[in-house]
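Heads up: the structure comes next, in structure tokens.
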Amino acid sequence: MAIVVNLDVMMAKRKMSLNELSEKVNLSLSNLSILKTGKAKAIRFSTLEALCEALDCQPGELLEYSKDSAL
């Protein structure tokens, strides 16, 4: 997939565990894991907003386009 999710990078920068983020954004650990590992096929804007709020970041810090990943 050409969209790369940098959730693990932002979590490391904020020194936040998956459990802590799960509680803050009210998402299950399994759904966050799917996002973190890049296996998600879609993300709701409300989820993206909650992640940005919890991690104090912009959507572009969580998502990036990579031509190399599209192959």
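Residue numbers start at 1 in each chain; chains themselves are named A, B, ... in the order of the structure tokens; ligands are numbered from 1 in the order shown.
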
- prompt: Can you tell me, as JSON, numbers by chain, what residues are no more than 10 Å from A:Leu51 when counting only C-alpha atoms, ignoring any on the same chain fewer than 6 positions away?
  reply: {"A": [7, 10, 21, 22, 24, 25, 26, 27, 32, 45, 57, 58, 59, 62]}

Written selection (N, CA, C and O atoms) as a PDB file, in the first residue's frame:
ATOM      1  N   LEU A   7       2.340   5.552  13.054  1.00  0.00           N
ATOM      2  CA  LEU A   7       1.818   5.591  14.417  1.00  0.00           C
ATOM      3  C   LEU A   7       2.882   5.176  15.426  1.00  0.00           C
ATOM      4  O   LEU A   7       3.024   5.815  16.481  1.00  0.00           O
ATOM      5  N   MET A  10       5.301   8.099  16.099  1.00  0.00           N
ATOM      6  CA  MET A  10       4.730   9.160  16.941  1.00  0.00           C
ATOM      7  C   MET A  10       4.575   8.684  18.386  1.00  0.00           C
ATOM      8  O   MET A  10       4.800   9.445  19.321  1.00  0.00           O
ATOM      9  N   LEU A  21      -2.455   4.790  24.735  1.00  0.00           N
ATOM     10  CA  LEU A  21      -3.112   5.408  23.577  1.00  0.00           C
ATOM     11  C   LEU A  21      -4.513   4.841  23.387  1.00  0.00           C
ATOM     12  O   LEU A  21      -5.454   5.580  23.108  1.00  0.00           O
ATOM     13  N   SER A  22      -4.654   3.547  23.581  1.00  0.00           N
ATOM     14  CA  SER A  22      -5.954   2.895  23.454  1.00  0.00           C
ATOM     15  C   SER A  22      -6.981   3.523  24.400  1.00  0.00           C
ATOM     16  O   SER A  22      -8.114   3.784  24.010  1.00  0.00           O
ATOM     17  N   LYS A  24      -6.814   6.579  25.714  1.00  0.00           N
ATOM     18  CA  LYS A  24      -7.031   7.988  25.373  1.00  0.00           C
ATOM     19  C   LYS A  24      -7.950   8.172  24.175  1.00  0.00           C
ATOM     20  O   LYS A  24      -8.725   9.120  24.136  1.00  0.00           O
ATOM     21  N   VAL A  25      -7.846   7.292  23.191  1.00  0.00           N
ATOM     22  CA  VAL A  25      -8.646   7.453  21.977  1.00  0.00           C
ATOM     23  C   VAL A  25      -9.863   6.529  21.931  1.00  0.00           C
ATOM     24  O   VAL A  25     -10.640   6.569  20.977  1.00  0.00           O
ATOM     25  N   ASN A  26     -10.015   5.714  22.951  1.00  0.00           N
ATOM     26  CA  ASN A  26     -11.160   4.812  23.059  1.00  0.00           C
ATOM     27  C   ASN A  26     -11.256   3.856  21.858  1.00  0.00           C
ATOM     28  O   ASN A  26     -12.310   3.701  21.265  1.00  0.00           O
ATOM     29  N   LEU A  27     -10.115   3.260  21.513  1.00  0.00           N
ATOM     30  CA  LEU A  27     -10.059   2.232  20.473  1.00  0.00           C
ATOM     31  C   LEU A  27      -9.495   0.964  21.087  1.00  0.00           C
ATOM     32  O   LEU A  27      -8.673   1.029  21.992  1.00  0.00           O
ATOM     33  N   LEU A  32      -5.887  -0.654  17.124  1.00  0.00           N
ATOM     34  CA  LEU A  32      -4.679   0.167  17.126  1.00  0.00           C
ATOM     35  C   LEU A  32      -3.492  -0.623  16.583  1.00  0.00           C
ATOM     36  O   LEU A  32      -2.654  -0.074  15.863  1.00  0.00           O
ATOM     37  N   PHE A  45     -12.046   9.605   9.806  1.00  0.00           N
ATOM     38  CA  PHE A  45     -11.535  10.921  10.188  1.00  0.00           C
ATOM     39  C   PHE A  45     -11.666  11.146  11.687  1.00  0.00           C
ATOM     40  O   PHE A  45     -10.796  11.764  12.296  1.00  0.00           O
ATOM     41  N   CYS A  57      -0.257  15.917  17.415  1.00  0.00           N
ATOM     42  CA  CYS A  57       0.430  15.940  16.128  1.00  0.00           C
ATOM     43  C   CYS A  57      -0.555  16.299  15.015  1.00  0.00           C
ATOM     44  O   CYS A  57      -1.757  16.420  15.253  1.00  0.00           O
ATOM     45  N   GLN A  58      -0.048  16.419  13.822  1.00  0.00           N
ATOM     46  CA  GLN A  58      -0.842  16.689  12.633  1.00  0.00           C
ATOM     47  C   GLN A  58      -1.053  15.380  11.865  1.00  0.00           C
ATOM     48  O   GLN A  58      -0.222  14.464  11.968  1.00  0.00           O
ATOM     49  N   PRO A  59      -2.133  15.295  11.060  1.00  0.00           N
ATOM     50  CA  PRO A  59      -2.364  14.063  10.287  1.00  0.00           C
ATOM     51  C   PRO A  59      -1.171  13.673   9.417  1.00  0.00           C
ATOM     52  O   PRO A  59      -0.867  12.491   9.270  1.00  0.00           O
ATOM     53  N   LEU A  62       1.309  11.376  10.939  1.00  0.00           N
ATOM     54  CA  LEU A  62       0.886   9.983  11.109  1.00  0.00           C
ATOM     55  C   LEU A  62       0.822   9.230   9.786  1.00  0.00           C
ATOM     56  O   LEU A  62       1.048   8.026   9.743  1.00  0.00           O
TER      57      LEU A  62
END

task: Give the helix (DSSP H, G or I) residues of chain A, as DSSP finds them on the backbone, and put them as a PyMOL selection string.
output: chain A and resi 7-13+18-25+29-36+45-55+59-62+67-70

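Close contacts of A:Val9, defined as residues with an atom at most 10 Å away when counting only C-alpha atoms, with chain neighbours fewer than 6 positions off set aside, comprise Lys15, Lys36, Glu61 and Leu62 of chain A.
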
query: Can you tell me, as a ChimeraX atom specification, what residues are no more than 9 Å from stretch 3-6 of chain A when counting only C-alpha atoms, ignoring any on the same chain fewer than 5 positions away?
result: /A:11,35-38,40,61-67,69-70

Take the residues from that selection and put them in a file with C-alpha atoms, as a compact mmCIF listing (two decimals), in the first residue's frame.
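Writing done, so here's out17.txt:
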# COMPACT_ATOMS: atom_id res chain seq x y z
CA MET A 11 4.08 6.90 19.92
CA LEU A 35 -3.06 0.67 12.36
CA LYS A 36 0.38 0.49 13.93
CA THR A 37 1.50 -2.42 11.77
CA GLY A 38 0.20 -0.79 8.57
CA ALA A 40 -5.36 -1.11 8.01
CA GLU A 61 2.89 13.21 10.87
CA LEU A 62 0.89 9.98 11.11
CA LEU A 63 0.33 9.31 7.41
CA GLU A 64 2.65 9.60 4.44
CA TYR A 65 2.59 8.64 0.78
CA SER A 66 5.42 6.50 -0.50
CA LYS A 67 5.68 5.45 -4.16
CA SER A 69 5.38 1.07 -0.95
CA ALA A 70 2.86 1.02 -3.81

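Using only C-alpha atoms, the shortest contact distance between A:Cys52 and any of A:Arg14, A:Ala2, A:Lys39, A:Asn19 is found at A:Arg14.
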
message: According to DSSP computed on the backbone, where in chain A is there strand (DSSP E or B)? Give the residues as a ChimeraX atom specification.
response: /A:3-5,63-65

Just to be explicit: take each residue in the selection above, keep N, CA, C and O atoms, and write the result as a compact mmCIF listing (two decimals), in the first residue's frame.
# COMPACT_ATOMS: atom_id res chain seq x y z
N ILE A 3 0.23 4.21 1.19
CA ILE A 3 0.11 5.05 2.37
C ILE A 3 0.78 4.33 3.54
O ILE A 3 0.45 3.20 3.85
N VAL A 4 1.72 5.02 4.17
CA VAL A 4 2.47 4.47 5.29
C VAL A 4 1.96 5.12 6.57
O VAL A 4 1.84 6.35 6.65
N VAL A 5 1.65 4.31 7.57
CA VAL A 5 1.18 4.81 8.86
C VAL A 5 2.36 4.85 9.82
O VAL A 5 3.00 3.82 10.07
N LEU A 63 0.51 9.94 8.71
CA LEU A 63 0.33 9.31 7.41
C LEU A 63 1.26 9.93 6.39
O LEU A 63 1.46 11.14 6.37
N GLU A 64 1.83 9.09 5.54
CA GLU A 64 2.65 9.60 4.44
C GLU A 64 2.46 8.74 3.20
O GLU A 64 2.10 7.57 3.30
N TYR A 65 2.68 9.34 2.06
CA TYR A 65 2.59 8.64 0.78
C TYR A 65 3.99 8.24 0.34
O TYR A 65 4.91 9.04 0.38
